[in-house]
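S.K.: Input structure14.csv, format and content: CSV, N, CA and C atoms and all ligand atoms.
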chain,number,residue,atom,x,y,z
A,1,MET,N,0.8,-1.2,0.0
A,1,MET,CA,0.0,0.0,0.0
A,1,MET,C,0.9,1.3,0.0
A,2,LEU,N,0.4,2.2,-0.7
A,2,LEU,CA,1.2,3.4,-0.9
A,2,LEU,C,1.6,4.1,0.4
A,3,GLY,N,2.9,4.4,0.5
A,3,GLY,CA,3.4,5.2,1.6
A,3,GLY,C,3.7,4.4,2.9
A,4,LEU,N,3.3,3.2,2.9
A,4,LEU,CA,3.5,2.4,4.2
A,4,LEU,C,5.0,1.9,4.2
A,5,ILE,N,5.6,2.0,5.4
A,5,ILE,CA,6.9,1.4,5.6
A,5,ILE,C,6.8,0.1,6.3
A,6,ALA,N,6.1,0.2,7.5
A,6,ALA,CA,6.0,-1.0,8.3
A,6,ALA,C,5.0,-2.0,7.6
A,7,ASP,N,5.3,-3.3,7.7
A,7,ASP,CA,4.4,-4.3,7.2
A,7,ASP,C,3.3,-4.6,8.3
A,8,TYR,N,2.0,-4.4,7.8
A,8,TYR,CA,0.9,-4.6,8.8
A,8,TYR,C,0.9,-6.0,9.4
A,9,ASN,N,1.4,-7.0,8.6
A,9,ASN,CA,1.4,-8.4,9.1
A,9,ASN,C,2.6,-8.6,10.1
A,10,ASP,N,3.5,-7.7,10.1
A,10,ASP,CA,4.6,-7.8,11.1
A,10,ASP,C,4.1,-7.0,12.3
A,11,GLN,N,3.5,-7.7,13.3
A,11,GLN,CA,2.8,-7.1,14.4
A,11,GLN,C,3.8,-6.2,15.2
A,12,GLU,N,5.0,-6.6,15.4
A,12,GLU,CA,5.9,-5.9,16.2
A,12,GLU,C,6.2,-4.5,15.5
A,13,ALA,N,6.4,-4.5,14.2
A,13,ALA,CA,6.7,-3.3,13.5
A,13,ALA,C,5.5,-2.4,13.4
A,14,TRP,N,4.3,-3.0,13.3
A,14,TRP,CA,3.1,-2.2,13.1
A,14,TRP,C,2.7,-1.5,14.4
A,15,LEU,N,2.9,-2.2,15.5
A,15,LEU,CA,2.4,-1.7,16.8
A,15,LEU,C,3.4,-0.8,17.4
A,16,TYR,N,4.7,-0.9,17.1
A,16,TYR,CA,5.7,-0.2,17.8
A,16,TYR,C,6.7,0.6,16.9
A,17,GLY,N,6.5,0.5,15.6
A,17,GLY,CA,7.6,1.0,14.7
A,17,GLY,C,7.1,2.3,13.9
A,18,GLN,N,8.0,2.6,12.9
A,18,GLN,CA,7.7,3.7,12.0
A,18,GLN,C,6.7,3.1,10.9
A,19,LEU,N,5.6,3.8,10.8
A,19,LEU,CA,4.5,3.3,9.9
A,19,LEU,C,4.7,3.8,8.5
A,20,THR,N,4.9,5.1,8.4
A,20,THR,CA,5.1,5.7,7.1
A,20,THR,C,6.3,6.7,7.2
A,21,LYS,N,6.6,7.4,6.1
A,21,LYS,CA,7.7,8.4,6.2
A,21,LYS,C,7.5,9.4,7.3
A,22,ASN,N,6.3,9.8,7.6
A,22,ASN,CA,6.0,10.9,8.6
A,22,ASN,C,5.4,10.4,9.9
A,23,PHE,N,4.9,9.2,9.9
A,23,PHE,CA,4.2,8.7,11.1
A,23,PHE,C,4.8,7.5,11.8
A,24,HIS,N,4.9,7.6,13.1
A,24,HIS,CA,5.4,6.5,13.9
A,24,HIS,C,4.2,6.0,14.8
A,25,ALA,N,4.2,4.7,15.0
A,25,ALA,CA,3.1,4.1,15.8
A,25,ALA,C,2.8,4.8,17.1
A,26,LYS,N,3.9,5.3,17.8
A,26,LYS,CA,3.7,5.9,19.1
A,26,LYS,C,2.9,7.2,19.1
A,27,GLU,N,2.8,7.8,17.9
A,27,GLU,CA,2.0,9.0,17.8
A,27,GLU,C,0.5,8.7,17.9
A,28,PHE,N,0.2,7.5,17.8
A,28,PHE,CA,-1.3,7.1,17.8
A,28,PHE,C,-1.6,6.3,19.0
A,29,ASN,N,-0.7,6.2,20.0
A,29,ASN,CA,-0.9,5.5,21.2
A,29,ASN,C,-2.2,5.9,22.0
A,30,CYS,N,-2.9,4.9,22.5
A,30,CYS,CA,-4.0,5.1,23.4
A,30,CYS,C,-3.3,5.6,24.7
A,31,PRO,N,-3.8,6.7,25.3
A,31,PRO,CA,-3.1,7.3,26.5
A,31,PRO,C,-3.2,6.4,27.7
A,32,CYS,N,-4.2,5.5,27.8
A,32,CYS,CA,-4.3,4.6,29.0
A,32,CYS,C,-3.4,3.3,28.9
A,33,CYS,N,-3.3,2.7,27.7
A,33,CYS,CA,-2.7,1.4,27.6
A,33,CYS,C,-1.5,1.5,26.7
A,34,GLU,N,-1.3,2.6,26.0
A,34,GLU,CA,-0.2,2.8,25.1
A,34,GLU,C,-0.2,1.8,23.9
A,35,MET,N,-1.4,1.3,23.6
A,35,MET,CA,-1.5,0.5,22.4
A,35,MET,C,-1.8,1.3,21.2
A,36,SER,N,-1.4,0.9,20.0
A,36,SER,CA,-1.7,1.6,18.8
A,36,SER,C,-2.0,0.6,17.7
A,37,ILE,N,-3.3,0.4,17.5
A,37,ILE,CA,-3.8,-0.6,16.5
A,37,ILE,C,-4.5,0.2,15.4
A,38,MET,N,-3.7,0.8,14.5
A,38,MET,CA,-4.3,1.7,13.5
A,38,MET,C,-4.6,0.8,12.2
A,39,ASN,N,-5.6,1.3,11.5
A,39,ASN,CA,-5.9,0.6,10.3
A,39,ASN,C,-4.9,1.0,9.2
A,40,PRO,N,-4.4,0.0,8.4
A,40,PRO,CA,-3.3,0.4,7.5
A,40,PRO,C,-3.8,1.3,6.3
A,41,ARG,N,-5.0,1.1,5.9
A,41,ARG,CA,-5.5,2.0,4.8
A,41,ARG,C,-5.7,3.4,5.3
A,42,PHE,N,-6.2,3.5,6.5
A,42,PHE,CA,-6.3,4.9,7.1
A,42,PHE,C,-4.9,5.6,7.2
A,43,ILE,N,-3.9,4.8,7.7
A,43,ILE,CA,-2.6,5.4,7.8
A,43,ILE,C,-2.0,5.8,6.5
A,44,SER,N,-2.3,4.9,5.5
A,44,SER,CA,-1.8,5.2,4.2
A,44,SER,C,-2.4,6.5,3.6
A,45,GLU,N,-3.7,6.7,3.8
A,45,GLU,CA,-4.4,7.9,3.4
A,45,GLU,C,-4.0,9.1,4.2
A,46,LEU,N,-3.7,8.9,5.5
A,46,LEU,CA,-3.2,10.0,6.3
A,46,LEU,C,-1.9,10.5,5.8
A,47,GLN,N,-1.0,9.5,5.4
A,47,GLN,CA,0.3,9.9,4.9
A,47,GLN,C,0.1,10.7,3.6
A,48,LYS,N,-0.8,10.3,2.7
A,48,LYS,CA,-1.1,11.0,1.5
A,48,LYS,C,-1.6,12.5,1.8
A,49,LEU,N,-2.4,12.5,2.8
A,49,LEU,CA,-2.9,13.8,3.2
A,49,LEU,C,-1.8,14.7,3.8
A,50,ARG,N,-0.9,14.1,4.5
A,50,ARG,CA,0.2,14.8,5.1
A,50,ARG,C,1.1,15.4,4.0
A,51,LYS,N,1.3,14.5,3.0
A,51,LYS,CA,2.1,14.9,1.8
A,51,LYS,C,1.5,16.1,1.0
A,52,ASN,N,0.2,15.9,0.8
A,52,ASN,CA,-0.5,17.0,0.1
A,52,ASN,C,-0.5,18.3,0.8
A,53,CYS,N,-0.6,18.3,2.1
A,53,CYS,CA,-0.6,19.5,2.9
A,53,CYS,C,0.8,20.1,3.0
A,54,GLY,N,1.8,19.3,3.1
A,54,GLY,CA,3.1,19.9,3.2
A,54,GLY,C,3.6,20.5,4.5
A,55,PHE,N,2.8,20.2,5.5
A,55,PHE,CA,3.3,20.7,6.9
A,55,PHE,C,3.1,19.5,7.9
A,56,PRO,N,3.8,19.5,9.0
A,56,PRO,CA,3.8,18.4,9.9
A,56,PRO,C,2.4,18.4,10.6
A,57,PHE,N,2.0,17.2,10.9
A,57,PHE,CA,0.7,16.9,11.7
A,57,PHE,C,1.1,16.6,13.1
A,58,LEU,N,0.5,17.2,14.1
A,58,LEU,CA,0.6,16.8,15.5
A,58,LEU,C,-0.7,16.0,15.8
A,59,ILE,N,-0.5,14.7,16.2
A,59,ILE,CA,-1.7,13.9,16.4
A,59,ILE,C,-2.1,14.0,17.9
A,60,ASN,N,-3.3,14.6,18.2
A,60,ASN,CA,-3.8,14.7,19.5
A,60,ASN,C,-4.3,13.4,20.0
A,61,SER,N,-4.9,12.6,19.1
A,61,SER,CA,-5.5,11.4,19.5
A,61,SER,C,-5.6,10.5,18.3
A,62,GLY,N,-5.2,9.2,18.4
A,62,GLY,CA,-5.3,8.3,17.3
A,62,GLY,C,-6.1,7.1,17.8
A,63,TYR,N,-5.4,6.0,18.1
A,63,TYR,CA,-6.1,4.8,18.6
A,63,TYR,C,-6.6,5.0,20.0
A,64,ARG,N,-7.8,4.5,20.3
A,64,ARG,CA,-8.3,4.4,21.6
A,64,ARG,C,-8.9,3.0,21.9
A,65,CYS,N,-8.5,2.4,23.0
A,65,CYS,CA,-9.1,1.1,23.4
A,65,CYS,C,-10.5,1.4,23.8
A,66,GLU,N,-11.3,0.4,23.9
A,66,GLU,CA,-12.7,0.6,24.3
A,66,GLU,C,-12.9,1.2,25.7
A,67,THR,N,-12.0,0.8,26.6
A,67,THR,CA,-12.1,1.3,28.0
A,67,THR,C,-11.9,2.8,28.0
A,68,TYR,N,-10.8,3.2,27.3
A,68,TYR,CA,-10.5,4.6,27.3
A,68,TYR,C,-11.6,5.4,26.5
A,69,ASN,N,-12.1,4.9,25.4
A,69,ASN,CA,-13.1,5.6,24.6
A,69,ASN,C,-14.4,5.8,25.4
A,70,THR,N,-14.8,4.8,26.1
A,70,THR,CA,-16.1,5.0,26.9
A,70,THR,C,-15.9,6.0,28.0
A,71,LYS,N,-14.6,6.1,28.5
A,71,LYS,CA,-14.3,7.1,29.5
A,71,LYS,C,-14.5,8.5,29.0
A,72,ILE,N,-14.0,8.8,27.8
A,72,ILE,CA,-14.0,10.1,27.3
A,72,ILE,C,-15.0,10.5,26.3
A,73,SER,N,-15.7,9.5,25.8
A,73,SER,CA,-16.7,9.8,24.7
A,73,SER,C,-18.0,9.0,24.9
A,74,LYS,N,-19.1,9.7,24.5
A,74,LYS,CA,-20.4,9.0,24.5
A,74,LYS,C,-20.5,8.1,23.3
A,75,ASN,N,-19.7,8.3,22.4
A,75,ASN,CA,-19.8,7.6,21.1
A,75,ASN,C,-19.0,6.2,21.3
A,76,THR,N,-19.7,5.2,21.7
A,76,THR,CA,-19.1,3.9,22.0
A,76,THR,C,-18.7,3.2,20.8
A,77,VAL,N,-19.2,3.6,19.6
A,77,VAL,CA,-18.7,2.9,18.4
A,77,VAL,C,-17.8,3.8,17.6
A,78,GLY,N,-17.1,4.7,18.4
A,78,GLY,CA,-16.2,5.6,17.7
A,78,GLY,C,-15.1,5.0,16.9
A,79,GLN,N,-14.8,5.7,15.8
A,79,GLN,CA,-13.8,5.1,14.9
A,79,GLN,C,-12.4,5.1,15.4
A,80,HIS,N,-12.1,5.9,16.5
A,80,HIS,CA,-10.8,5.8,17.1
A,80,HIS,C,-10.6,4.4,17.6
A,81,VAL,N,-11.6,3.7,18.0
A,81,VAL,CA,-11.5,2.4,18.6
A,81,VAL,C,-11.1,1.4,17.4
A,82,GLU,N,-11.5,1.7,16.2
A,82,GLU,CA,-11.2,0.8,15.1
A,82,GLU,C,-9.9,1.3,14.4
A,83,GLY,N,-9.3,2.3,15.0
A,83,GLY,CA,-8.0,2.8,14.3
A,83,GLY,C,-8.3,3.5,13.0
A,84,LYS,N,-9.5,4.0,12.8
A,84,LYS,CA,-9.8,4.7,11.6
A,84,LYS,C,-10.2,6.2,11.8
A,85,ALA,N,-9.5,6.8,12.8
A,85,ALA,CA,-9.7,8.2,13.0
A,85,ALA,C,-8.5,8.8,13.7
A,86,ALA,N,-8.4,10.1,13.5
A,86,ALA,CA,-7.3,10.8,14.1
A,86,ALA,C,-7.7,12.3,14.4
A,87,ASP,N,-7.3,12.8,15.5
A,87,ASP,CA,-7.5,14.2,15.8
A,87,ASP,C,-6.2,14.9,15.5
A,88,ILE,N,-6.2,15.8,14.6
A,88,ILE,CA,-5.0,16.6,14.2
A,88,ILE,C,-5.0,18.0,14.9
A,89,LYS,N,-4.0,18.3,15.7
A,89,LYS,CA,-3.9,19.6,16.3
A,89,LYS,C,-3.9,20.7,15.2
A,90,MET,N,-4.8,21.7,15.4
A,90,MET,CA,-4.8,22.7,14.4
A,90,MET,C,-5.2,24.1,15.0
A,91,LEU,N,-4.3,25.0,14.9
A,91,LEU,CA,-4.5,26.3,15.5
A,91,LEU,C,-4.3,27.4,14.5
A,92,ASP,N,-3.8,27.0,13.3
A,92,ASP,CA,-3.4,28.0,12.3
A,92,ASP,C,-4.5,28.1,11.3
A,93,ARG,N,-5.0,29.3,11.0
A,93,ARG,CA,-6.1,29.6,10.1
A,93,ARG,C,-5.7,29.1,8.7
A,94,ASN,N,-4.6,29.4,8.2
A,94,ASN,CA,-4.1,29.1,6.9
A,94,ASN,C,-4.0,27.6,6.7
A,95,GLN,N,-3.3,26.9,7.7
A,95,GLN,CA,-3.2,25.5,7.6
A,95,GLN,C,-4.5,24.8,7.7
A,96,ARG,N,-5.4,25.3,8.5
A,96,ARG,CA,-6.8,24.7,8.6
A,96,ARG,C,-7.4,24.7,7.3
A,97,PHE,N,-7.3,25.7,6.5
A,97,PHE,CA,-7.9,25.8,5.2
A,97,PHE,C,-7.2,24.8,4.3
A,98,ILE,N,-5.9,24.7,4.3
A,98,ILE,CA,-5.2,23.7,3.4
A,98,ILE,C,-5.6,22.3,3.8
A,99,LEU,N,-5.6,22.0,5.1
A,99,LEU,CA,-6.0,20.7,5.6
A,99,LEU,C,-7.4,20.3,5.1
A,100,LEU,N,-8.4,21.2,5.3
A,100,LEU,CA,-9.7,20.9,5.0
A,100,LEU,C,-9.9,20.7,3.5
A,101,ARG,N,-9.2,21.6,2.7
A,101,ARG,CA,-9.3,21.5,1.3
A,101,ARG,C,-8.8,20.1,0.8
A,102,ASN,N,-7.7,19.7,1.3
A,102,ASN,CA,-7.1,18.4,0.9
A,102,ASN,C,-8.0,17.2,1.4
A,103,ILE,N,-8.6,17.3,2.6
A,103,ILE,CA,-9.5,16.3,3.1
A,103,ILE,C,-10.6,16.1,2.1
A,104,PHE,N,-11.2,17.2,1.7
A,104,PHE,CA,-12.4,17.2,0.8
A,104,PHE,C,-12.0,16.7,-0.6
A,105,ASN,N,-10.8,17.2,-1.0
A,105,ASN,CA,-10.4,16.8,-2.4
A,105,ASN,C,-10.1,15.3,-2.5
A,106,MET,N,-9.5,14.7,-1.4
A,106,MET,CA,-9.2,13.3,-1.4
A,106,MET,C,-10.4,12.4,-1.4
A,107,GLY,N,-11.4,12.8,-0.6
A,107,GLY,CA,-12.7,12.0,-0.6
A,107,GLY,C,-12.7,10.8,0.3
A,108,TYR,N,-11.5,10.4,0.9
A,108,TYR,CA,-11.5,9.2,1.7
A,108,TYR,C,-12.0,9.5,3.1
A,109,PHE,N,-11.7,10.6,3.7
A,109,PHE,CA,-12.1,11.0,5.0
A,109,PHE,C,-13.5,11.6,5.0
A,110,LYS,N,-14.5,10.8,5.3
A,110,LYS,CA,-15.9,11.3,5.1
A,110,LYS,C,-16.6,11.8,6.4
A,111,ASP,N,-15.8,11.6,7.5
A,111,ASP,CA,-16.3,12.1,8.8
A,111,ASP,C,-15.3,13.2,9.3
A,112,VAL,N,-15.7,14.4,9.3
A,112,VAL,CA,-14.8,15.5,9.7
A,112,VAL,C,-15.5,16.3,10.9
A,113,ALA,N,-14.8,16.6,11.9
A,113,ALA,CA,-15.3,17.5,13.0
A,113,ALA,C,-14.3,18.5,13.4
A,114,ILE,N,-14.8,19.7,13.5
A,114,ILE,CA,-13.9,20.8,13.7
A,114,ILE,C,-14.0,21.4,15.2
A,115,SER,N,-12.9,21.5,15.8
A,115,SER,CA,-12.9,22.2,17.1
A,115,SER,C,-12.0,23.4,17.0
A,116,ALA,N,-11.9,24.2,18.1
A,116,ALA,CA,-11.1,25.4,18.1
A,116,ALA,C,-9.6,25.0,18.0
A,117,THR,N,-9.3,23.8,18.5
A,117,THR,CA,-7.9,23.4,18.6
A,117,THR,C,-7.4,22.2,17.8
A,118,PHE,N,-8.4,21.5,17.2
A,118,PHE,CA,-8.0,20.3,16.4
A,118,PHE,C,-9.1,20.0,15.4
A,119,ILE,N,-8.7,19.1,14.4
A,119,ILE,CA,-9.7,18.6,13.5
A,119,ILE,C,-9.7,17.1,13.5
A,120,HIS,N,-10.9,16.6,13.7
A,120,HIS,CA,-11.1,15.1,13.8
A,120,HIS,C,-11.4,14.7,12.3
A,121,ILE,N,-10.7,13.6,11.9
A,121,ILE,CA,-11.0,13.0,10.6
A,121,ILE,C,-11.1,11.5,10.8
A,122,GLY,N,-12.2,11.0,10.2
A,122,GLY,CA,-12.4,9.5,10.2
A,122,GLY,C,-12.9,9.1,8.9
A,123,THR,N,-13.0,7.7,8.7
A,123,THR,CA,-13.4,7.2,7.5
A,123,THR,C,-14.9,7.3,7.2
A,124,GLY,N,-15.7,7.6,8.3
A,124,GLY,CA,-17.1,7.8,8.2
A,124,GLY,C,-17.9,6.5,7.8
A,125,ASN,N,-17.6,5.4,8.5
A,125,ASN,CA,-18.4,4.2,8.2
A,125,ASN,C,-19.8,4.3,8.7
A,126,ARG,N,-20.0,5.1,9.7
A,126,ARG,CA,-21.4,5.3,10.2
A,126,ARG,C,-21.8,6.7,10.2
A,127,LEU,N,-20.9,7.6,10.3
A,127,LEU,CA,-21.2,9.1,10.4
A,127,LEU,C,-20.5,9.8,9.3
A,128,TYR,N,-21.4,10.6,8.5
A,128,TYR,CA,-20.8,11.3,7.4
A,128,TYR,C,-21.1,12.8,7.6
A,129,GLY,N,-20.2,13.6,7.1
A,129,GLY,CA,-20.5,15.1,7.1
A,129,GLY,C,-19.4,15.8,7.9
A,130,VAL,N,-19.7,17.0,8.2
A,130,VAL,CA,-18.8,17.9,9.0
A,130,VAL,C,-19.5,18.3,10.2
A,131,GLY,N,-18.9,18.0,11.4
A,131,GLY,CA,-19.5,18.3,12.7
A,131,GLY,C,-18.7,19.5,13.3
A,132,VAL,N,-19.3,20.1,14.3
A,132,VAL,CA,-18.6,21.2,15.0
A,132,VAL,C,-18.7,20.9,16.5
A,133,TYR,N,-17.6,20.9,17.2
A,133,TYR,CA,-17.6,20.7,18.6
A,133,TYR,C,-18.1,22.0,19.3
A,134,ARG,N,-19.0,21.8,20.2
A,134,ARG,CA,-19.7,23.0,20.8
A,134,ARG,C,-19.0,23.6,22.0
A,135,LYS,N,-18.0,22.9,22.5
A,135,LYS,CA,-17.3,23.5,23.7
A,135,LYS,C,-15.8,23.3,23.5
A,201,ZN,ZN,-6.2,2.2,26.3
A,202,ZN,ZN,-11.6,12.2,17.0
Have the structure of the file written as structure tokens, please.
Ligand SMILES: [Zn+2]
Ligand SMILES: [Zn+2]
M.R.:
Amino acid sequence: MLGLIADYNDQEAWLYGQLTKNFHAKEFNCPCCEMSIMNPRFISELQKLRKNCGFPFLINSGYRCETYNTKISKNTVGQHVEGKAADIKMLDRNQRFILLRNIFNMGYFKDVAISATFIHIGTGNRLYGVGVYRK
């Protein structure tokens, strides 16, 4: 798959290693258990998005185990649990524009939610559209 360095079938590499040119597994760690079980297609598309944007992404949240997810989110079927979502820190107006433009151009990330400090992107298996965090 395009842009992937680590072999998904090599568990050690995928859970603890460099996944793509710009992303390491530890960037997607669940804060409670430090596991990172990201979906390879999602990571591949994220790398494409990163390349298209041309600036570094700071990942606020990637993989979440079910225990952690239920602790912080009402959405028990959240895509973070499936490794198909990431929250990208975003404070810059210009970069926000570039990020959103590329997300929409690519068409892979169908679930987008915008907060004052980050942008959530997911594959949108259940949820489509653009949401806004109210607090
Ligand atoms: Zn956890
Ligand atoms: Zn999120």
S.K.: Give the residues close to ligand ZN 201 (chain A), within 12 Å, counting only C-alpha atoms and all ligand atoms; write them as a VMD selection string.
M.R.: chain A and resid 28 to 37 61 to 72 80 to 81
S.K.: For range 45-56 of chain A, find every residue with an atom within 6.5 Å (counting all atoms listed in the file), except residues of its own chain fewer than 2 positions away, and show them as a ChimeraX atom specification.
M.R.: /A:40-43,58,98-99,102
S.K.: Nearest residue to ligand ZN 202 (chain A) out of A:Ala25, A:Ala113, A:Leu4, A:Met90, using all atoms listed in the file?
M.R.: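 Answer, going by the shortest atom-to-atom distance: A:Ala113.
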S.K.: If you run DSSP over the backbone, which residues in range 11-131 of chain A end up alpha helix (DSSP H)? Put them as a count of residues only.
M.R.: 41
S.K.: Between chain A and ligand ZN 202 (chain A), at 6 Å or less, what are the per-residue closest atom pairs and their distances in Å? Count all atoms listed in the file, order by chain and rising residue number, and return it as a tab-separated table.
M.R.:
residue	atom	partner	partner_atom	distance
A:Ala85	C	A:ZN202	ZN	5.7
A:Ala86	C	A:ZN202	ZN	4.7
A:Asp87	N	A:ZN202	ZN	4.6
A:His120	CA	A:ZN202	ZN	4.3
A:Ile121	N	A:ZN202	ZN	5.4
S.K.: Quick one: residues within 12 Å of (-20.0, 21.2, 21.6) (file frame), counting only C-alpha atoms, please, as a PyMOL selection string.
M.R.: chain A and resi 113-116+131-135
S.K.: Once you have the residues from the selection above, write them out as a JSON list (two decimals), in the frame of the given file, restricted to N, CA and C atoms.
M.R.:
[["chain", "number", "residue", "atom", "x", "y", "z"],
["A", 113, "ALA", "N", -14.80, 16.60, 11.90],
["A", 113, "ALA", "CA", -15.30, 17.50, 13.00],
["A", 113, "ALA", "C", -14.30, 18.50, 13.40],
["A", 114, "ILE", "N", -14.80, 19.70, 13.50],
["A", 114, "ILE", "CA", -13.90, 20.80, 13.70],
["A", 114, "ILE", "C", -14.00, 21.40, 15.20],
["A", 115, "SER", "N", -12.90, 21.50, 15.80],
["A", 115, "SER", "CA", -12.90, 22.20, 17.10],
["A", 115, "SER", "C", -12.00, 23.40, 17.00],
["A", 116, "ALA", "N", -11.90, 24.20, 18.10],
["A", 116, "ALA", "CA", -11.10, 25.40, 18.10],
["A", 116, "ALA", "C", -9.60, 25.00, 18.00],
["A", 131, "GLY", "N", -18.90, 18.00, 11.40],
["A", 131, "GLY", "CA", -19.50, 18.30, 12.70],
["A", 131, "GLY", "C", -18.70, 19.50, 13.30],
["A", 132, "VAL", "N", -19.30, 20.10, 14.30],
["A", 132, "VAL", "CA", -18.60, 21.20, 15.00],
["A", 132, "VAL", "C", -18.70, 20.90, 16.50],
["A", 133, "TYR", "N", -17.60, 20.90, 17.20],
["A", 133, "TYR", "CA", -17.60, 20.70, 18.60],
["A", 133, "TYR", "C", -18.10, 22.00, 19.30],
["A", 134, "ARG", "N", -19.00, 21.80, 20.20],
["A", 134, "ARG", "CA", -19.70, 23.00, 20.80],
["A", 134, "ARG", "C", -19.00, 23.60, 22.00],
["A", 135, "LYS", "N", -18.00, 22.90, 22.50],
["A", 135, "LYS", "CA", -17.30, 23.50, 23.70],
["A", 135, "LYS", "C", -15.80, 23.30, 23.50]]
S.K.: Could you pull out all residues of chain A with a DSSP call of strand (DSSP E or B) and give them as number ranges by chain?
M.R.: A: 4, 18, 20, 24, 59-61, 85-89, 111-114, 118-122, 129-132
S.K.: Please compute the CA of Leu127 in chain A-atom N of Gln79 in chain A distance, one decimal, in Å.
M.R.: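 According to the coordinates, CA of Leu127 in chain A and atom N of Gln79 in chain A are separated by 9.0 Å.
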S.K.: Kindly give the distance, in Å, that separates atom C of Lys26 in chain A and CA of Ile59 in chain A, rounded to a single decimal.
M.R.: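 Spanning atom C of Lys26 in chain A to CA of Ile59 in chain A is a straight-line distance of 8.6 Å.
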S.K.: Could you check the closest approach to Glu27 in chain A for each of A:Asn60, A:Asn105, A:Thr117, A:Gln95 and tell me which residue wins, using only C-alpha atoms?
M.R.: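 Counting only C-alpha atoms, the residue closest to Glu27 in chain A is A:Asn60.
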S.K.: Could you tell me how far atom N of Asn22 in chain A sits from CA of Leu91 in chain A, in Å to one decimal place?
M.R.: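 These atoms are spaced 21.2 Å apart.
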S.K.: When you count all atoms listed in the file, which of these residues is closest to Lys84 in chain A: A:Gly107, A:Phe97, A:Val112, A:Asn39?
M.R.: A:Asn39
S.K.: Pull the neighbourhood of (0.4, -1.3, 10.3) for me: all residues within 6 Å in file coordinates, counting only N, CA and C atoms, as a list in words.
M.R.: Ala6, Asp7, Tyr8, Trp14, Leu15, Met38, Asn39 and Pro40 of chain A
S.K.: What lies within 7 Å of Asn125 in chain A using all atoms listed in the file, ignoring chain neighbours under 2 positions off, as a ChimeraX atom specification?
M.R.: /A:110-111,122-123,127-128
S.K.: Could you pull range 61-73 of chain A out of the structure I just pasted and write it to a file containing C-alpha atoms, as a tab-separated table (two decimals), in the first residue's frame?
M.R.:
chain	number	residue	atom	x	y	z
A	61	SER	CA	-5.54	11.36	19.49
A	62	GLY	CA	-5.27	8.26	17.32
A	63	TYR	CA	-6.08	4.79	18.58
A	64	ARG	CA	-8.34	4.43	21.63
A	65	CYS	CA	-9.07	1.15	23.36
A	66	GLU	CA	-12.72	0.60	24.27
A	67	THR	CA	-12.11	1.27	27.97
A	68	TYR	CA	-10.54	4.65	27.27
A	69	ASN	CA	-13.08	5.56	24.62
A	70	THR	CA	-16.08	4.98	26.88
A	71	LYS	CA	-14.33	7.06	29.53
A	72	ILE	CA	-13.98	10.14	27.34
A	73	SER	CA	-16.67	9.81	24.68
